[in-house]
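For reference, coords.cif is printed below; it contains mmCIF, C-alpha atoms.
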data_entry
loop_
_atom_site.group_PDB
_atom_site.id
_atom_site.type_symbol
_atom_site.label_atom_id
_atom_site.label_comp_id
_atom_site.auth_asym_id
_atom_site.auth_seq_id
_atom_site.Cartn_x
_atom_site.Cartn_y
_atom_site.Cartn_z
ATOM 1 C CA MET A 3 -9.631 -5.070 33.805
ATOM 2 C CA THR A 4 -12.334 -2.812 32.379
ATOM 3 C CA THR A 5 -12.545 -1.356 28.885
ATOM 4 C CA THR A 6 -14.589 1.553 27.619
ATOM 5 C CA PHE A 7 -15.455 0.178 24.191
ATOM 6 C CA SER A 8 -17.895 -2.560 23.346
ATOM 7 C CA SER A 9 -15.849 -4.506 20.799
ATOM 8 C CA LEU A 10 -12.291 -5.047 19.667
ATOM 9 C CA VAL A 11 -13.133 -3.365 16.346
ATOM 10 C CA LEU A 12 -13.734 -0.096 18.222
ATOM 11 C CA GLY A 13 -10.628 -0.429 20.380
ATOM 12 C CA ALA A 14 -8.759 2.436 18.692
ATOM 13 C CA ASP A 15 -9.175 6.114 17.952
ATOM 14 C CA SER A 16 -11.493 6.621 14.976
ATOM 15 C CA TYR A 17 -8.808 8.302 12.871
ATOM 16 C CA LYS A 18 -6.949 4.978 12.794
ATOM 17 C CA PHE A 19 -9.684 3.547 10.558
ATOM 18 C CA SER A 20 -7.988 5.443 7.717
ATOM 19 C CA HIS A 21 -4.524 3.916 8.250
ATOM 20 C CA PHE A 22 -5.396 1.139 5.810
ATOM 21 C CA TYR A 23 -5.262 3.687 2.976
ATOM 22 C CA GLN A 24 -1.783 4.855 3.965
ATOM 23 C CA TYR A 25 -0.108 1.523 3.186
ATOM 24 C CA PRO A 26 1.521 1.228 -0.243
ATOM 25 C CA GLU A 27 -0.461 -0.801 -2.756
ATOM 26 C CA GLY A 28 0.401 -4.479 -2.496
ATOM 27 C CA THR A 29 1.306 -4.368 1.204
ATOM 28 C CA THR A 30 0.760 -7.812 2.704
ATOM 29 C CA ASN A 31 2.630 -7.712 6.008
ATOM 30 C CA ILE A 32 2.408 -5.183 8.813
ATOM 31 C CA GLU A 33 4.513 -5.194 11.971
ATOM 32 C CA SER A 34 3.639 -2.955 14.906
ATOM 33 C CA HIS A 35 5.261 -2.378 18.270
ATOM 34 C CA VAL A 36 4.103 -1.355 21.728
ATOM 35 C CA THR A 37 6.641 0.904 23.405
ATOM 36 C CA ALA A 38 6.402 2.927 26.605
ATOM 37 C CA ARG A 39 6.749 6.622 25.870
ATOM 38 C CA LYS A 40 8.622 9.165 27.912
ATOM 39 C CA GLY A 41 6.555 10.159 30.908
ATOM 40 C CA GLN A 42 7.277 12.002 34.099
ATOM 41 C CA PRO A 43 10.744 13.476 34.639
ATOM 42 C CA GLY A 44 13.026 11.039 36.438
ATOM 43 C CA ILE A 45 11.157 7.916 35.328
ATOM 44 C CA ASP A 46 13.282 6.112 32.787
ATOM 45 C CA HIS A 47 12.088 2.493 33.209
ATOM 46 C CA VAL A 48 8.729 0.724 33.376
ATOM 47 C CA VAL A 49 7.664 -2.756 34.452
ATOM 48 C CA PHE A 50 6.005 -4.557 31.587
ATOM 49 C CA PHE A 51 2.840 -6.341 32.736
ATOM 50 C CA GLY A 52 -0.806 -6.868 31.872
ATOM 51 C CA LEU A 53 -0.537 -8.326 28.377
ATOM 52 C CA GLN A 54 -1.761 -11.797 29.339
ATOM 53 C CA ALA A 55 -4.850 -10.389 31.041
ATOM 54 C CA TRP A 56 -5.568 -8.135 28.061
ATOM 55 C CA LEU A 57 -5.191 -11.029 25.603
ATOM 56 C CA ILE A 58 -7.619 -13.127 27.600
ATOM 57 C CA GLU A 59 -10.141 -10.314 28.012
ATOM 58 C CA ARG A 60 -10.059 -8.836 24.516
ATOM 59 C CA LEU A 61 -8.789 -11.375 21.997
ATOM 60 C CA GLN A 62 -10.279 -14.586 23.319
ATOM 61 C CA ARG A 63 -13.851 -13.517 22.463
ATOM 62 C CA GLY A 64 -13.179 -12.721 18.822
ATOM 63 C CA ILE A 65 -15.120 -10.426 16.526
ATOM 64 C CA ARG A 66 -18.791 -10.935 15.702
ATOM 65 C CA PRO A 67 -20.869 -9.534 12.834
ATOM 66 C CA ALA A 68 -22.645 -7.243 15.332
ATOM 67 C CA ASP A 69 -19.263 -5.744 16.257
ATOM 68 C CA VAL A 70 -18.589 -4.937 12.605
ATOM 69 C CA MET A 71 -21.995 -3.291 12.145
ATOM 70 C CA GLU A 72 -21.546 -1.224 15.310
ATOM 71 C CA ALA A 73 -18.118 -0.050 14.154
ATOM 72 C CA LYS A 74 -19.412 0.721 10.650
ATOM 73 C CA GLU A 75 -22.077 3.011 12.145
ATOM 74 C CA PHE A 76 -19.514 4.606 14.475
ATOM 75 C CA ALA A 77 -17.145 5.296 11.567
ATOM 76 C CA ALA A 78 -19.967 6.861 9.538
ATOM 77 C CA GLU A 79 -20.836 9.146 12.457
ATOM 78 C CA HIS A 80 -17.186 10.224 12.659
ATOM 79 C CA GLY A 81 -16.839 10.693 8.896
ATOM 80 C CA VAL A 82 -13.983 8.210 8.621
ATOM 81 C CA PRO A 83 -13.600 5.277 6.232
ATOM 82 C CA PHE A 84 -14.384 1.761 7.367
ATOM 83 C CA ILE A 85 -13.184 -1.397 5.629
ATOM 84 C CA GLU A 86 -16.154 -3.644 6.344
ATOM 85 C CA SER A 87 -14.938 -6.318 3.911
ATOM 86 C CA GLY A 88 -11.681 -6.673 5.844
ATOM 87 C CA TRP A 89 -13.442 -7.295 9.138
ATOM 88 C CA ASN A 90 -15.863 -9.706 7.467
ATOM 89 C CA HIS A 91 -12.848 -11.544 6.021
ATOM 90 C CA ILE A 92 -11.547 -12.026 9.567
ATOM 91 C CA ILE A 93 -14.932 -13.393 10.653
ATOM 92 C CA ASN A 94 -15.347 -15.666 7.635
ATOM 93 C CA LYS A 95 -11.784 -16.979 7.273
ATOM 94 C CA HIS A 96 -10.556 -16.894 10.873
ATOM 95 C CA GLY A 97 -13.723 -17.396 12.892
ATOM 96 C CA GLY A 98 -13.555 -13.819 14.169
ATOM 97 C CA TYR A 99 -10.073 -14.148 15.653
ATOM 98 C CA LEU A 100 -7.395 -11.723 14.539
ATOM 99 C CA PRO A 101 -4.720 -13.485 12.481
ATOM 100 C CA LEU A 102 -1.768 -12.202 14.489
ATOM 101 C CA ARG A 103 1.512 -13.332 15.927
ATOM 102 C CA ILE A 104 2.315 -11.541 19.181
ATOM 103 C CA ASP A 105 5.817 -11.568 20.623
ATOM 104 C CA ALA A 106 6.452 -9.898 23.968
ATOM 105 C CA LEU A 107 8.918 -9.527 26.772
ATOM 106 C CA PRO A 108 8.210 -11.694 29.804
ATOM 107 C CA GLU A 109 5.688 -10.049 32.118
ATOM 108 C CA GLY A 110 7.440 -8.345 35.022
ATOM 109 C CA THR A 111 10.439 -7.272 32.915
ATOM 110 C CA LEU A 112 11.956 -3.925 33.916
ATOM 111 C CA THR A 113 12.377 -2.086 30.617
ATOM 112 C CA PRO A 114 13.922 1.265 29.688
ATOM 113 C CA ILE A 115 11.485 3.809 28.257
ATOM 114 C CA GLY A 116 11.609 3.643 24.459
ATOM 115 C CA VAL A 117 12.325 -0.100 24.216
ATOM 116 C CA ALA A 118 9.657 -2.105 22.394
ATOM 117 C CA GLN A 119 7.837 -4.426 24.762
ATOM 118 C CA VAL A 120 5.452 -6.097 22.303
ATOM 119 C CA ARG A 121 5.654 -6.898 18.585
ATOM 120 C CA VAL A 122 2.489 -7.708 16.614
ATOM 121 C CA ILE A 123 2.670 -9.197 13.115
ATOM 122 C CA ASN A 124 -0.195 -10.159 10.818
ATOM 123 C CA THR A 125 -0.211 -13.784 9.688
ATOM 124 C CA ASP A 126 -2.750 -13.495 6.842
ATOM 125 C CA PRO A 127 -1.394 -11.538 3.866
ATOM 126 C CA THR A 128 -4.865 -11.045 2.305
#
Written as structure tokens, how would this file's structure read?
Amino acid sequence: MTTTFSSLVLGADSYKFSHFYQYPEGTTNIESHVTARKGQPGIDHVVFFGLQAWLIERLQRGIRPADVMEAKEFAAEHGVPFIESGWNHIINKHGGYLPLRIDALPEGTLTPIGVAQVRVINTDPT
């Protein structure tokens, strides 16, 4: 499995760096889902697979201070906000590993389009 970004911090579109500001003040828990979107006509199911490989490749390494600095420079070049203190908190409190709980369907499950396949929940409210 090959990725096109150098760190997990840069593993999203740059506009998503501003999502932090869209949460109501006092928000401590976020839950996100991964769901297959409607694709080609006539395809109404997908086989869920690849999560285990992605977790091993991307999350097992963790985040390093160099990753945060690289992302901070990238965000500045794109004119988007960057919450450096939040990423440093993950490094300092969690050893660089994202404090997440990930629930998913078993790999190989045939799933209708539009059904959530993965749920991701933060486990650190700070």
Inset, instruction - Compile the contact shell of range 116-121 of chain A as an NGL selection string: residues with an atom at most 8 Å away, counting all atoms listed in the file, same-chain residues fewer than 4 positions apart removed. - result: :A and (33-40 or 50 or 104-107)
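Pairwise distance (CA of Ser87 in chain A, CA of Leu61 in chain A) equals 19.8 Å.
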Spatial neighbours of Ile65 in chain A, 7 Å, all atoms listed in the file, chain gap at least 4 places, as a PDB file with C-alpha atoms, in the coordinates of the input:
ATOM      1  CA  LEU A  10     -12.291  -5.047  19.667  1.00  0.00           C
ATOM      2  CA  ASP A  69     -19.263  -5.744  16.257  1.00  0.00           C
ATOM      3  CA  ILE A  93     -14.932 -13.393  10.653  1.00  0.00           C
ATOM      4  CA  GLY A  98     -13.555 -13.819  14.169  1.00  0.00           C
ATOM      5  CA  TYR A  99     -10.073 -14.148  15.653  1.00  0.00           C
TER       6      TYR A  99
END
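Residue membership of the PyMOL selection byres ((chain A and resi 48) around 8) in the shown file amounts to Ala38, Ile45, Asp46, His47, Val49, Phe50, Leu112, Thr113, Pro114 and Ile115 of chain A.
Shortest separation to Arg66 in chain A among A:Gly52, A:Phe19, A:Pro127, A:Ser9 occurs at residue A:Ser9, atoms counted being all atoms listed in the file.
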Inset, instruction - Taking the file as shown, find all residues satisfying the PyMOL selection byres ((chain A and resi 11) around 12) and write them as a PyMOL selection string. - result: chain A and resi 7-10+12-16+18-19+60-61+63-77+84-86+88-90+92-93+98-100
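Our summary of the geometry notes that CA of Gln42 in chain A is positioned 22.2 Å from CA of Glu109 in chain A.
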Inset, instruction - Kindly give the distance, in Å, that separates CA of Arg103 in chain A and CA of Asp126 in chain A, rounded to a single decimal. - result: 10.0 Å
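Proximity to His21 in chain A was assessed for A:Leu57, A:Pro83, A:Gly110, A:Gln62 counting all atoms listed in the file; the smallest distance is recorded for A:Pro83.
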Return as JSON the box centre and box size in Å, one decimal, for an axis-aligned box around all listed atoms of range 82-93 of chain A padded by 6 Å per side.
{"center_x": -13.9, "center_y": -2.6, "center_z": 7.3, "size_x": 16.6, "size_y": 33.6, "size_z": 18.7}
Inset, instruction - Would you list the residues near (4.3, -5.5, 8.0) (no more than 10 Å away, in the coordinates of the file, using all atoms listed in the file) as a count of residues only? - result: 12
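Nearest residue to Pro108 in chain A among A:Lys95, A:Gly41, A:Gly28, A:Gln54 is A:Gln54, counting only C-alpha atoms.
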